Amino acid sequence: MSLFNMKLSASLAALAVMAASPCAFASDKVIDNASLEVGGGAKVQMVRFGVQKDWNQRWFQSNGTHISGYWDASIAQWRGNAYQNVDGQHQNITNIGFTPVFRFQADDMTGWYGEAGIGLNLLSKRYDNDSNRLSTAFQFGDHLGAGYVFANQWDVGMKIQHFSNGGYKKPNSGVNFLVLKVSRAF
C-alpha cells in the first residue's frame, strides 16, 4: 500500500469516527454537521463525505431571513469512465477540499435556502477523462445550490459544482457535477 493510500485510509477513518460520534464534537463546537454527497457529470461519478462548522454570523437580517455561512472540509472519490478519452477505461481520483460557503436562509434555520461557495481542492492525480483534462492537481471548486432543512435538522439539497484551476495553466477544460447532498446537524 502506498504512503498516499495509507494517509487516505487514515483520513477516511478519522472522518468516519467524527461522523459516528457527533455528540462528542457537538459539545466542543468543532463540527456542527456531517454530510454525504453523490453526484455525476460527463462520464464521471463522485461520492463525498464532509464535515461543516457554522460561522454563527447573521448578515443582512430582514423579514425573517439572513445571510450566514459555514466552513466545509471534505474528502471525495471521483471515478472517470473514459480515461484518456477511451470509453470503459477508468480513472479514480481522490479529492480533498476546503470551502467557505455563504447561505441565504430563514432565521429559524429551517425551510428553503440558497447557497454559494468557492474553495480549494487537491486532487490525487491530474484529471484526464472524456476529452476533459486538468493540468494541475490543485483546483478551485465552486458551487451554486438550493435545499431544504427540516425541523429535525436533516438537510437535503442539490447543487451544481464546477472544478477548474482558474485558467492559470492549460489545459483546463474543467469538470462539472450535479450533486445531491444529505446532511444532519448535531
# chains A, B, ... in the order shown; residues from 1 in each chain; ligands from 1
call {"tool": "residues_around", "arguments": {"residues": "range 181-185 of chain A", "least_positions_apart": "6", "cutoff": "8 Å", "atoms": "only C-alpha atoms", "output": "PyMOL selection string"}}
result
chain A and resi 32-38+153-159
call {"tool": "write_last_selection", "arguments": {"atoms": "all heavy atoms", "output": "mmCIF file, in the first residue's frame"}}
result
data_model
loop_
_atom_site.group_PDB
_atom_site.id
_atom_site.type_symbol
_atom_site.label_atom_id
_atom_site.label_comp_id
_atom_site.auth_asym_id
_atom_site.auth_seq_id
_atom_site.Cartn_x
_atom_site.Cartn_y
_atom_site.Cartn_z
ATOM 1 N N ASP A 32 -20.310 21.090 13.391
ATOM 2 C CA ASP A 32 -21.752 21.228 13.585
ATOM 3 C C ASP A 32 -22.570 20.238 12.764
ATOM 4 O O ASP A 32 -23.697 19.924 13.119
ATOM 5 C CB ASP A 32 -22.223 22.630 13.174
ATOM 6 C CG ASP A 32 -21.564 23.729 13.958
ATOM 7 O OD1 ASP A 32 -21.455 23.617 15.182
ATOM 8 O OD2 ASP A 32 -21.155 24.706 13.301
ATOM 9 N N ASN A 33 -22.058 19.818 11.616
ATOM 10 C CA ASN A 33 -22.797 18.992 10.659
ATOM 11 C C ASN A 33 -21.872 17.967 10.026
ATOM 12 O O ASN A 33 -20.665 18.181 9.962
ATOM 13 C CB ASN A 33 -23.338 19.851 9.500
ATOM 14 C CG ASN A 33 -24.406 20.811 9.915
ATOM 15 O OD1 ASN A 33 -25.539 20.439 10.094
ATOM 16 N ND2 ASN A 33 -24.033 22.072 10.063
ATOM 17 N N ALA A 34 -22.493 16.919 9.503
ATOM 18 C CA ALA A 34 -21.794 15.954 8.654
ATOM 19 C C ALA A 34 -22.661 15.734 7.426
ATOM 20 O O ALA A 34 -23.892 15.777 7.515
ATOM 21 C CB ALA A 34 -21.564 14.646 9.395
ATOM 22 N N SER A 35 -22.018 15.520 6.279
ATOM 23 C CA SER A 35 -22.780 15.377 5.042
ATOM 24 C C SER A 35 -22.254 14.231 4.192
ATOM 25 O O SER A 35 -21.081 13.864 4.269
ATOM 26 C CB SER A 35 -22.728 16.672 4.228
ATOM 27 O OG SER A 35 -21.399 16.959 3.839
ATOM 28 N N LEU A 36 -23.161 13.695 3.381
ATOM 29 C CA LEU A 36 -22.832 12.706 2.372
ATOM 30 C C LEU A 36 -23.394 13.231 1.061
ATOM 31 O O LEU A 36 -24.554 13.652 1.007
ATOM 32 C CB LEU A 36 -23.435 11.346 2.712
ATOM 33 C CG LEU A 36 -23.179 10.235 1.692
ATOM 34 C CD1 LEU A 36 -21.689 9.928 1.585
ATOM 35 C CD2 LEU A 36 -23.954 8.990 2.063
ATOM 36 N N GLU A 37 -22.576 13.220 0.016
ATOM 37 C CA GLU A 37 -22.991 13.740 -1.277
ATOM 38 C C GLU A 37 -22.666 12.731 -2.366
ATOM 39 O O GLU A 37 -21.635 12.058 -2.302
ATOM 40 C CB GLU A 37 -22.267 15.055 -1.593
ATOM 41 C CG GLU A 37 -22.496 16.125 -0.558
ATOM 42 C CD GLU A 37 -21.720 17.404 -0.848
ATOM 43 O OE1 GLU A 37 -21.324 17.632 -2.017
ATOM 44 O OE2 GLU A 37 -21.513 18.165 0.097
ATOM 45 N N VAL A 38 -23.533 12.640 -3.359
ATOM 46 C CA VAL A 38 -23.286 11.831 -4.545
ATOM 47 C C VAL A 38 -23.586 12.703 -5.754
ATOM 48 O O VAL A 38 -24.495 13.539 -5.720
ATOM 49 C CB VAL A 38 -24.115 10.534 -4.577
ATOM 50 C CG1 VAL A 38 -23.699 9.593 -3.467
ATOM 51 C CG2 VAL A 38 -25.595 10.819 -4.493
ATOM 52 N N GLN A 153 -33.580 18.805 11.736
ATOM 53 C CA GLN A 153 -32.210 19.161 11.380
ATOM 54 C C GLN A 153 -31.632 18.388 10.198
ATOM 55 O O GLN A 153 -30.447 18.527 9.901
ATOM 56 C CB GLN A 153 -31.261 19.053 12.586
ATOM 57 C CG GLN A 153 -31.663 19.921 13.749
ATOM 58 C CD GLN A 153 -31.741 21.397 13.351
ATOM 59 O OE1 GLN A 153 -30.794 21.948 12.823
ATOM 60 N NE2 GLN A 153 -32.872 22.016 13.583
ATOM 61 N N TRP A 154 -32.425 17.575 9.516
ATOM 62 C CA TRP A 154 -31.950 16.939 8.291
ATOM 63 C C TRP A 154 -32.025 17.958 7.164
ATOM 64 O O TRP A 154 -32.989 18.698 7.047
ATOM 65 C CB TRP A 154 -32.780 15.699 7.942
ATOM 66 C CG TRP A 154 -32.379 14.505 8.742
ATOM 67 C CD1 TRP A 154 -32.987 14.039 9.867
ATOM 68 C CD2 TRP A 154 -31.277 13.641 8.488
ATOM 69 N NE1 TRP A 154 -32.327 12.930 10.329
ATOM 70 C CE2 TRP A 154 -31.272 12.664 9.500
ATOM 71 C CE3 TRP A 154 -30.297 13.594 7.509
ATOM 72 C CZ2 TRP A 154 -30.319 11.647 9.545
ATOM 73 C CZ3 TRP A 154 -29.353 12.578 7.556
ATOM 74 C CH2 TRP A 154 -29.374 11.618 8.571
ATOM 75 N N ASP A 155 -31.001 17.991 6.335
ATOM 76 C CA ASP A 155 -30.856 18.948 5.242
ATOM 77 C C ASP A 155 -30.690 18.158 3.949
ATOM 78 O O ASP A 155 -29.809 17.303 3.845
ATOM 79 C CB ASP A 155 -29.615 19.806 5.532
ATOM 80 C CG ASP A 155 -29.262 20.802 4.450
ATOM 81 O OD1 ASP A 155 -29.669 20.633 3.282
ATOM 82 O OD2 ASP A 155 -28.523 21.749 4.767
ATOM 83 N N VAL A 156 -31.550 18.441 2.962
ATOM 84 C CA VAL A 156 -31.457 17.796 1.653
ATOM 85 C C VAL A 156 -31.309 18.898 0.616
ATOM 86 O O VAL A 156 -32.093 19.849 0.609
ATOM 87 C CB VAL A 156 -32.707 16.945 1.353
ATOM 88 C CG1 VAL A 156 -32.622 16.328 -0.034
ATOM 89 C CG2 VAL A 156 -32.897 15.870 2.406
ATOM 90 N N GLY A 157 -30.298 18.798 -0.226
ATOM 91 C CA GLY A 157 -30.063 19.836 -1.219
ATOM 92 C C GLY A 157 -29.497 19.314 -2.517
ATOM 93 O O GLY A 157 -29.036 18.176 -2.608
ATOM 94 N N MET A 158 -29.531 20.171 -3.527
ATOM 95 C CA MET A 158 -28.941 19.901 -4.841
ATOM 96 C C MET A 158 -28.014 21.066 -5.168
ATOM 97 O O MET A 158 -28.294 22.203 -4.796
ATOM 98 C CB MET A 158 -30.010 19.830 -5.931
ATOM 99 C CG MET A 158 -30.928 18.634 -5.858
ATOM 100 S SD MET A 158 -30.173 17.114 -6.421
ATOM 101 C CE MET A 158 -30.026 17.388 -8.164
ATOM 102 N N LYS A 159 -26.931 20.751 -5.866
ATOM 103 C CA LYS A 159 -26.045 21.828 -6.294
ATOM 104 C C LYS A 159 -25.371 21.468 -7.602
ATOM 105 O O LYS A 159 -25.237 20.302 -7.956
ATOM 106 C CB LYS A 159 -25.013 22.155 -5.222
ATOM 107 C CG LYS A 159 -24.054 21.057 -4.856
ATOM 108 C CD LYS A 159 -23.154 21.510 -3.708
ATOM 109 C CE LYS A 159 -22.288 20.393 -3.201
ATOM 110 N NZ LYS A 159 -21.478 20.830 -2.054
#
call {"tool": "residues_around", "arguments": {"residues": "range 116-131 of chain A", "least_positions_apart": "3", "cutoff": "8 Å", "atoms": "only C-alpha atoms", "output": "compact mmCIF listing (two decimals) with C-alpha atoms, in the first residue's frame"}}
result
# COMPACT_ATOMS: atom_id res chain seq x y z
CA ALA A 42 -19.99 13.68 -18.23
CA LYS A 43 -18.79 10.08 -17.79
CA VAL A 44 -17.71 10.71 -14.18
CA GLY A 80 -13.99 8.64 -14.56
CA ASN A 81 -15.39 6.18 -17.10
CA ALA A 82 -13.47 7.34 -20.19
CA TYR A 83 -9.85 7.72 -19.04
CA GLN A 84 -7.78 9.43 -21.75
CA ASN A 85 -10.98 9.55 -23.85
CA VAL A 86 -11.32 5.74 -24.04
CA ASP A 87 -14.80 4.52 -23.07
CA GLN A 91 -9.59 6.75 -13.62
CA ILE A 93 -9.13 10.29 -8.15
CA THR A 94 -9.27 11.31 -4.51
CA ASN A 95 -10.20 14.92 -3.81
CA ILE A 96 -9.59 16.77 -0.54
CA GLY A 97 -11.34 20.14 -0.30
CA PHE A 98 -11.91 23.12 1.96
CA THR A 99 -14.67 25.61 1.07
CA PRO A 100 -16.25 28.65 2.71
CA VAL A 101 -19.96 28.65 1.82
CA PHE A 102 -22.44 31.55 2.04
CA ARG A 103 -26.09 30.67 2.66
CA LEU A 134 -6.99 19.37 -15.87
CA SER A 135 -3.28 20.19 -16.00
CA THR A 136 -2.79 20.57 -12.24
CA ALA A 137 -3.67 18.69 -9.06
CA PHE A 138 -4.67 21.98 -7.38
CA GLN A 139 -8.19 23.07 -8.35
CA PHE A 140 -10.79 25.64 -7.35
CA GLY A 141 -14.23 24.20 -6.68
CA ASP A 142 -17.27 26.46 -6.85
CA HIS A 143 -20.93 25.64 -6.49
CA LEU A 144 -24.46 27.06 -6.52
CA GLY A 145 -27.14 25.13 -4.68
call {"tool": "select_by_dssp", "arguments": {"residues": "chain A", "states": "alpha helix (DSSP H)", "output": "JSON, numbers by chain"}}
result
{"A": [3, 4, 5, 6, 7, 8, 9, 10, 11, 12, 13, 14, 15, 16, 17, 18, 19, 20, 22, 23, 24, 25, 26, 27, 28]}
call {"tool": "atom_distance", "arguments": {"atom1": "CA of Tyr70 in chain A", "atom2": "CA of Asp108 in chain A"}}
result
16.0 Å
call {"tool": "closest_residue", "arguments": {"among": "A:Asn172, A:Asn152, A:Asn92, A:Gln52", "to": "Ala76 in chain A", "atoms": "only C-alpha atoms"}}
result
A:Asn92
call {"tool": "residues_around", "arguments": {"residues": "Ser173 in chain A", "least_positions_apart": "5", "cutoff": "8 Å", "atoms": "only C-alpha atoms", "output": "PyMOL selection string"}}
result
chain A and resi 132-134+164
call {"tool": "write_last_selection", "arguments": {"atoms": "C-alpha atoms", "output": "PDB file, in the first residue's frame"}}
result
ATOM      1  CA  ASN A 132     -11.720  16.904 -20.324  1.00  0.00           C
ATOM      2  CA  ARG A 133      -8.251  17.483 -18.890  1.00  0.00           C
ATOM      3  CA  LEU A 134      -6.987  19.365 -15.867  1.00  0.00           C
ATOM      4  CA  SER A 164     -11.030  24.142 -12.612  1.00  0.00           C
TER       5      SER A 164
END
call {"tool": "atom_distance", "arguments": {"atom1": "CA of Ile67 in chain A", "atom2": "CA of Asp54 in chain A"}}
result
11.9 Å
call {"tool": "atom_distance", "arguments": {"atom1": "CA of Thr65 in chain A", "atom2": "CA of Val30 in chain A"}}
result
25.1 Å
call {"tool": "residues_around", "arguments": {"residues": "Gly39 in chain A", "least_positions_apart": "5", "cutoff": "6 Å", "atoms": "only C-alpha atoms", "output": "count of residues only"}}
result
5
call {"tool": "closest_residue", "arguments": {"among": "A:Tyr168, A:Phe104, A:Tyr148, A:Phe49", "to": "Gly69 in chain A", "atoms": "only C-alpha atoms"}}
result
A:Phe104
call {"tool": "residues_around", "arguments": {"residues": "Asn176 in chain A", "least_positions_apart": "6", "cutoff": "7 Å", "atoms": "only C-alpha atoms", "output": "ChimeraX atom specification"}}
result
/A:41,161-163
